[in-house]
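Student: I'd like to ask some things about the structure below.
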Amino acid sequence: MTASASSSHTQGTPAATRLEGNAPRRGKKGIANRIAFYWSRYWQLWLLSLPALIFVGLFAYVPMWGIQLAFREFDPSKGLTGGKFIGWQYFLDFFHNPLFGEIMTNTIRISLWTLVMGFIFPIILALLINQIHSKRIKGFVQTITYMPHFISVVVIVSMLNIFLSPGSGIIGRFFGDESLMGSTTAITAVYWISEVWQHVGWNSIIYLAALSSVDTSLYEAAKIDGAGRMQLIRYVDFPTILPTCSILLIMNMGSVLNVGFDKIYLMQNALNMPATEVISTYVYKIGILNGQYSYSTAIGLFNTIINFLFLITANAISKRVSDSSIF
Amino acid sequence: MIIVPRLIVCVRGLDYYEGKKNIMARGSVRIAVAAAAALAMIIPLSACGGNSQPTTDANGKPIVNIMVRRNVTDHPMKDTQYSKYLEAQCDCTIQWQEVSDNAWGQQKSAKMAASEFPDIGLSLFSSVDAAKYKDYFEDLKPHLNEMPNVKAFFKAQPDALKYVEDGKKIPLLPSDRGKGYEVSGTHMFINKTWLDKLGLDMPTTWDELETVLKAFKTQDPNGNGKADEIPMNIRSLGFQLWSPLTLMNSEGVVTSFMGGSASEQGFYVENGKIKSYYTSDALKDVISYLHELMAGGLIPKDVLTRDASQYNAQTISDGKTALTGVTFGWSNFSEFGDALGEQYVTLPPLKKDASTPDEDVKWDYSQNAARWAYAGAGLSVNPNAANQDAIYKVIDAMYSEEGSVQGYFGSIPDIVSNDGNHQYTINKDKAYAEYPDTRSIALQDRFGGWIRDDVTMVNDTNADQVTASDQAVRPAREHVDPINDVVPIYVRPNTEDTNILQNNNTAIANYANNQLAKWVQSGGVDKEWDSYVSKVSEPSLGLDENIQIWQKWYDQYTK
Amino acid sequence: MSVATTGTDIPWNKPVRQKKTVGDWAATVTINGLIILVVIATVYPLWFVVMASISNPNSVAAGSVTLLPKDVTFIGYQKVFANARIWQGYVNTIIYSVVGTAVNMLVTIPVAFALSRREFKARRLIMFLFTVTMFIAGGLVPSYILYKNLGINNTMWVFILPGAVSVYNVIVARSFFDTSIPEELHDAAQIDGLSYIGYFVKIVLPLSSAILAVIGLYYFVGHWNDFMTGLIFITDDTKQPLQVVLQQLLLVAQGTGTNVDAAAQQQAADQIKFGIIIVSTLPLLVAYPFLQKYFDKGVMLGAVKG
């Protein structure tokens, strides 16, 4: 689409190929000219990026000096980073921890279920809502499904306790006289189902927005070709949101070791503990309750590095398979 | 800065007609963005620097700032008579800063690392903090002469001094809420009304209790015609307040489930040797007993999974019909509410069986924690504070008789009247208008102060009720040797050892607590106990290491 | 609005359709069935929250509130609204949310647009540097010290500046610009001599109301629910947002646990727990339907018939 552009006189030509094509000719005039040329073309894009660059640099990169805490023995009297450098000691401590295997398995199991289901259901819901004819009903369904997102974790967990209560709970009465909250096998499902229930509406918003950009002339064309309702969803709606899906999936892959702390912590009890101790709850017990900042920083860093590797891998795959990628 | 586009440029080759209609319709978004932009430009980015606070007020009086951890939102300390009293005593101006438990939990590490310490901190820092940040905790020992009230306090309560003393230094001051709170934190209650109605005697052994519970279950003691009685109720299985594991005292293994004690980590003493509850026969017996009760339907099956609200629904009930027969708690009224509390009495500590000698029956030894170390945090002074002299005057005033009463119970004469002869009367209408205690109008348990033994508080409902509940356990508690049966609460390992203890405990508890819960729920303790003991004693979990650490510190503090 | 969409967003009603096949009927039944299921699964717990907020907390916990409230009481709400600081909290939250969202949008949307231009060679590096910050953060203590040095602790700016850019939202918006704005528009804009900024402001923004609405909503709700910032960085009670004020109400009701009236404390806290959800989110629930019109189909319709 850029090949046809014959508008070298206009500003901001998008064709990157042409920039390179021009470069040798202009190269004679030296690097300064090339910079000047580049600048004259793209200064506006830099200008638009500038505020964000400043904010990210200041508020995300400046505090990063704190990470060295993971490699030092925290000694408050010497300041945050004055402690003795001990390298990977805290990481090794964590790997050799008797709970390490259990914590990792639990974290990955709970988060993968939540991640996969939490990814699929919003897409389905968005496609369903998109099928509703009546504006009124559509708005109603959208609003209703969006609401649970705002219920606090504390209340969600007490509702789970009440609903799952054996005997009296509206769900628990079907599951014998012991609560599902105490079952090491059911607790993962309790977690992800309630998680999906709470956030499916909220997470479908982005797909609804993407669906708003669907080219409706495609519907007409497809229908003339005799496409049924399912085919329209399959061949028109779904491709429209696919790029959004891939980007969100890549970003979700980056949270493969993240199980939100609050909810799982509140759901923990002595009976389900072997299935619910995850990285975030362990870090809390070690770091906040026991005040071992260096150790908890190291575990946190380990967590984010794994996540980041997942994201980079997902990004690379997606870049090959489709055209969507974050960077 | 912001250009609000009014017209769409017509571009060759493109049909903008439909698009334009939509764009016009969406003008409101653009306007909103523009307005927001303008707003953001108008509001100046004020970087208000200057962290240096004035150290004297307009009249040249020194300023002392006090930070206190407190959750009250609408009765600030600065408006109280208590604050004015302190100001009068120190001839200074006090600036209060109040921080909620939540907020403090989040801020604490950052504030300490950023060296933001208040002149006086109330209930903010623990001994562990003081050990880590030595430079920010003034050693108060040399200042005792400036604070005669504090000096007298340590003379009267030497154990309180042991609790805060770190080597030769005193980085924190403890507080003492008085003899009204010298009680075990945990009591076992039984519904006396039900017993009387069914013509049953107070049980004295585990077997007798089981017989009583069976009667509670089947004979409709609450008389509503429904089999809705819960013979026995428990909160959770843990080495903590209100735990049924206090039944270990029935065979002489002493607990002390309050105030961050060694007992709460699972350790006790037998003949000078530190031992773990986790491998004790007493624990096995209690677990086995609790399972027997649960299997017989005498304890609800879901107790280990439900939350506090669900538990309360069964103890307070609807305020008319009692539902619970036996449970563990602080006082009968706090546990069952004002309406049903009268039905309950404290069950004197049970014998494991009839053959257990009387002197082997003990009870939870947590009265010191309840009295003066309950919050685990003390009063601290920042050595870099500007007005040191005024600070010690303030503290001394806090620890005076009147100051202490005001700090805990409420200002004199607004809320509390001084009747003379060391007697004070709380005005119930004013003090308990919002909450059943004085938390909204005074510092309550976050105070710094010393309620003397010769002080009589009238209308301190909480103390009156809990003291009444405590009477029945006192004979058994007398059987406890304060050093040879239990790790005294003032035994405190250093920071390094504390870290090791806590990391090991996290791993041990993760495995063992689950086992205990499973056995109570589904049985099998007799069969699996031995393999459990060998697993929990594996060196990787660190149980032996913890025992050795505690032994070392126990010996150091008690010999 | 309605003029623009009635003819376009419900293609199914178009007369083009000749006959409904069996498959279509099955599809319709399945779709409607699923929607009804979703609505029921969502409405019930919401209904429960409302009922629980006006019922006796013990009845709620005992499981005897299922469809209708039991022992109706409004004490929870009375306790919330008896507190003078609630209103101050509301005002603060509204200010932080409005100003904060404005700053967010001003910073996020331009950079998302710039990064969506494929000829912008630096975009890969910038995206990478941005993405890193989603994972690696310095932690609370260094941030606290930074804010202290900047002088924004205990001011409204601590709610607004540190979170001015959410990388997640940049990525979402960029991906929208990347895939939903036809490249032909840019070609045409060039031919008309529009600069990047001109193209962005005059053509891209007007076509992007859906994503602007979504990103705006994400940011606004983020500010509205922001609880930690107030808790950690604000010491002055009059500057606390609504969420913190409400949490404190819950805290004081809970008391200290080891103290006096364990049972009554739990009851008071339970009474408030359900009510504060409604108090704190009602404005967001009421506002949402007004946003929905920006998600309607057909925005791009006709824009590209090249």
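Quick note on naming: the chains in the structure tokens go A, B, ... in the order shown, residues restart at 1 in each chain, and ligands are numbered from 1 in order of appearance.
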Which residues, written as a ChimeraX atom specification, have at least one atom at most 10 Å from A:Ser246, with only C-alpha atoms counted and residues fewer than 3 positions away on the same chain left out?

Tutor: /A:241-243,249-252,314-315,318-319,322-326 /C:175

Student: Taking 6 positions as the minimum chain separation for residues in the same chain, which residues sit within 12 Å of A:Leu47 when counting only C-alpha atoms? Answer as a ChimeraX atom specification.

Tutor: /A:39-41,53-54 /C:107,110-111,113-115,196-197

Student: Keeping only C-alpha atoms, write those residues as a compact mmCIF listing (two decimals), in the first residue's frame.

Tutor:
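Result file follows (result11.txt):
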# COMPACT_ATOMS: atom_id res chain seq x y z
CA TRP A 39 14.75 14.38 12.23
CA SER A 40 12.84 16.49 9.77
CA ARG A 41 10.69 13.50 8.97
CA LEU A 53 9.27 8.57 27.69
CA ILE A 54 9.87 11.07 30.45
CA VAL C 107 0.37 11.05 27.60
CA PRO C 110 -0.03 10.24 21.49
CA VAL C 111 2.69 7.76 22.29
CA PHE C 113 -0.12 6.55 17.96
CA ALA C 114 3.57 7.26 17.41
CA LEU C 115 4.45 3.68 18.23
CA TYR C 196 1.87 13.35 11.58
CA ILE C 197 0.30 15.52 14.22

Student: Report as CSV the residues of chain C within 6 Å of chain A, each with its shortest atom pair and distance in Å (one decimal), using only C-alpha atoms, ordered by chain and increasing residue number.

Tutor:
residue,atom,partner,partner_atom,distance
C:Asp24,CA,A:Arg229,CA,5.7
C:Gly63,CA,A:Ser168,CA,5.6
C:Val107,CA,A:Ala52,CA,5.5
C:Pro110,CA,A:Leu48,CA,5.0
C:Val111,CA,A:Ser49,CA,4.3
C:Ala114,CA,A:Leu45,CA,5.1
C:Glu119,CA,A:Ala16,CA,4.9
C:Arg124,CA,A:Phe327,CA,4.8
C:Met127,CA,A:Phe327,CA,5.5
C:Phe128,CA,A:Phe327,CA,5.9
C:Phe135,CA,A:Thr304,CA,5.4
C:Ala137,CA,A:Met64,CA,5.9
C:Gly138,CA,A:Met64,CA,3.9
C:Pro142,CA,A:Pro63,CA,5.0
C:Ser143,CA,A:Pro63,CA,5.5
C:Pro162,CA,A:Phe59,CA,5.5
C:Gln190,CA,A:Thr10,CA,5.8
C:Gly193,CA,A:Thr10,CA,5.4
C:Ser195,CA,A:Gln11,CA,5.6
C:Ala210,CA,A:Ala209,CA,5.2
C:Phe295,CA,A:Ala209,CA,4.9
C:Asp296,CA,A:Ser212,CA,5.2
C:Lys297,CA,A:Ser212,CA,3.9
C:Val299,CA,A:Ser213,CA,5.8
C:Met300,CA,A:Ser213,CA,5.4
C:Leu301,CA,A:Asp215,CA,5.7

Student: Name the closest residue to chain B among the candidates C:Gly23, C:Gly139, C:Pro69, C:Pro45; distances are taken between atoms, counting only C-alpha atoms.

Tutor: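 Smallest distance to chain B is found for C:Gly139.
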
Student: Choose the residue, out of C:Ser209, C:Thr155, C:Ser53, C:Tyr219, that has the smallest atom-to-atom separation from C:Tyr77; count only C-alpha atoms.

Tutor: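 Using only C-alpha atoms, C:Tyr77 sits closest to C:Ser53.
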
Student: Find the residues in chain B near chain A: any atom within 8 Å counts, using only C-alpha atoms. Write them as a PyMOL selection string.

Tutor: chain B and resi 113+132-135+237+301-302+304-307+310+499+502-503+506-507+510-511+513-514+517-518+540-541

Student: Could you please determine the separation between atom CA of B:Pro62 and atom CA of B:His75 in Å, to one decimal place?

Tutor: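 That distance, rounded to one decimal, is 24.6 Å.
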
Student: Write out as a PyMOL selection string the set of residues from stretch 42-277 of chain C that DSSP, computed on the backbone, places in helix (DSSP H, G or I).

Tutor: chain C and resi 42-53+57-62+75-82+85-116+123-135+140-150+157-160+167-180+183-191+196-207+209-225+228-233+237-239+242-254+262-277

Student: I'd like the neighbourhood of C:Val60 as an NGL selection string, where a residue qualifies if any of its atoms comes within 9 Å (using only C-alpha atoms), though same-chain residues fewer than 4 positions away should be ignored.

Tutor: (:A and (162)) or (:B and (309-310 or 313)) or (:C and (51-52 or 55-56 or 64-66 or 69-70))

Student: Restrict the selected residues to N, CA and C atoms and save them as a short mmCIF file (atom, residue, chain, number, x, y, z; two decimals), in the first residue's frame.

Tutor:
data_model
loop_
_atom_site.label_atom_id
_atom_site.label_comp_id
_atom_site.auth_asym_id
_atom_site.auth_seq_id
_atom_site.Cartn_x
_atom_site.Cartn_y
_atom_site.Cartn_z
N ILE A 162 -19.95 -18.37 51.75
CA ILE A 162 -21.38 -18.54 52.03
C ILE A 162 -22.01 -19.47 51.00
N SER B 309 -17.15 -14.61 59.94
CA SER B 309 -18.56 -14.20 59.97
C SER B 309 -19.46 -15.39 60.17
N GLN B 310 -19.10 -16.48 59.49
CA GLN B 310 -19.94 -17.67 59.60
C GLN B 310 -19.86 -18.25 61.01
N ALA B 313 -22.04 -16.15 63.28
CA ALA B 313 -23.47 -16.37 63.11
C ALA B 313 -23.94 -17.49 64.03
N MET C 51 -28.81 -7.45 48.65
CA MET C 51 -29.62 -7.98 49.74
C MET C 51 -28.81 -8.09 51.03
N ALA C 52 -27.56 -8.54 50.88
CA ALA C 52 -26.72 -8.71 52.06
C ALA C 52 -26.45 -7.37 52.72
N SER C 55 -29.29 -6.68 55.11
CA SER C 55 -29.76 -7.74 55.98
C SER C 55 -28.92 -7.82 57.24
N ASN C 56 -29.44 -8.50 58.22
CA ASN C 56 -28.68 -8.78 59.42
C ASN C 56 -27.46 -9.64 59.04
N SER C 64 -28.94 -17.81 55.43
CA SER C 64 -30.40 -17.77 55.32
C SER C 64 -30.88 -16.63 54.43
N VAL C 65 -29.95 -15.83 53.91
CA VAL C 65 -30.34 -14.85 52.89
C VAL C 65 -30.06 -15.47 51.54
N THR C 66 -31.10 -15.74 50.77
CA THR C 66 -30.84 -16.28 49.45
C THR C 66 -31.42 -15.37 48.39
N PRO C 69 -33.96 -10.12 51.40
CA PRO C 69 -33.23 -9.75 52.61
C PRO C 69 -33.92 -10.32 53.84
N LYS C 70 -33.14 -10.47 54.90
CA LYS C 70 -33.71 -10.98 56.14
C LYS C 70 -33.38 -10.01 57.26
#

Student: Return the single residue from B:Trp529, B:Tyr432, B:Phe239, B:Tyr311 that is closest to chain C, with distances computed using only C-alpha atoms.

Tutor: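 Answer, going by the shortest atom-to-atom distance: B:Tyr311.
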
Student: Show which residues sit within 9 Å of A:Val259, as a PyMOL selection string. Count only C-alpha atoms, and ignore same-chain residues fewer than 4 positions away.

Tutor: chain A and resi 107-108+110-111+114+255+263-264+278-281

Student: So that I have them on file, write out the residues from the current selection with C-alpha atoms, as a CSV table (one decimal), in the first residue's frame.

Tutor:
chain,number,residue,atom,x,y,z
A,107,THR,CA,1.5,-21.1,41.1
A,108,ILE,CA,1.6,-22.5,37.6
A,110,ILE,CA,-3.7,-21.9,39.3
A,111,SER,CA,-2.3,-19.2,37.0
A,114,THR,CA,-7.0,-18.7,35.2
A,255,SER,CA,1.8,-13.0,34.0
A,263,LYS,CA,-7.8,-13.5,46.9
A,264,ILE,CA,-5.7,-16.6,47.2
A,278,VAL,CA,1.8,-19.7,45.8
A,279,ILE,CA,4.7,-17.3,45.2
A,280,SER,CA,2.8,-14.2,46.1
A,281,THR,CA,1.5,-15.6,49.4

Student: Determine the nearest neighbour of B:Gly121 from the options B:Asp201, B:Glu208, B:Glu138, B:Asp281, counting only C-alpha atoms.

Tutor: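 Closest to B:Gly121, using only C-alpha atoms: B:Glu138.
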
Student: Which polymer residues have any atom within 10 Å of an atom of stretch 244-248 of chain B, counting only C-alpha atoms, with same-chain residues fewer than 5 positions away left out, as a ChimeraX atom specification?

Tutor: /B:186-188,206,233-239,253-257,277,280-287,289-290,327-329,349-352,361-364

Student: Could you tell me which of B:Asn462, B:Gln89, B:Ser276, B:Ser175 comes closest to chain C if we count only C-alpha atoms?

Tutor: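 Nearest to chain C: B:Asn462.
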
Student: Pick out the residues sitting within 8 Å of C:Phe177, and hand them over as a ChimeraX atom specification; count only C-alpha atoms, and ignore anything fewer than 3 positions along from it in its own chain.

Tutor: /C:112-113,116,173-174,180-181,204,208
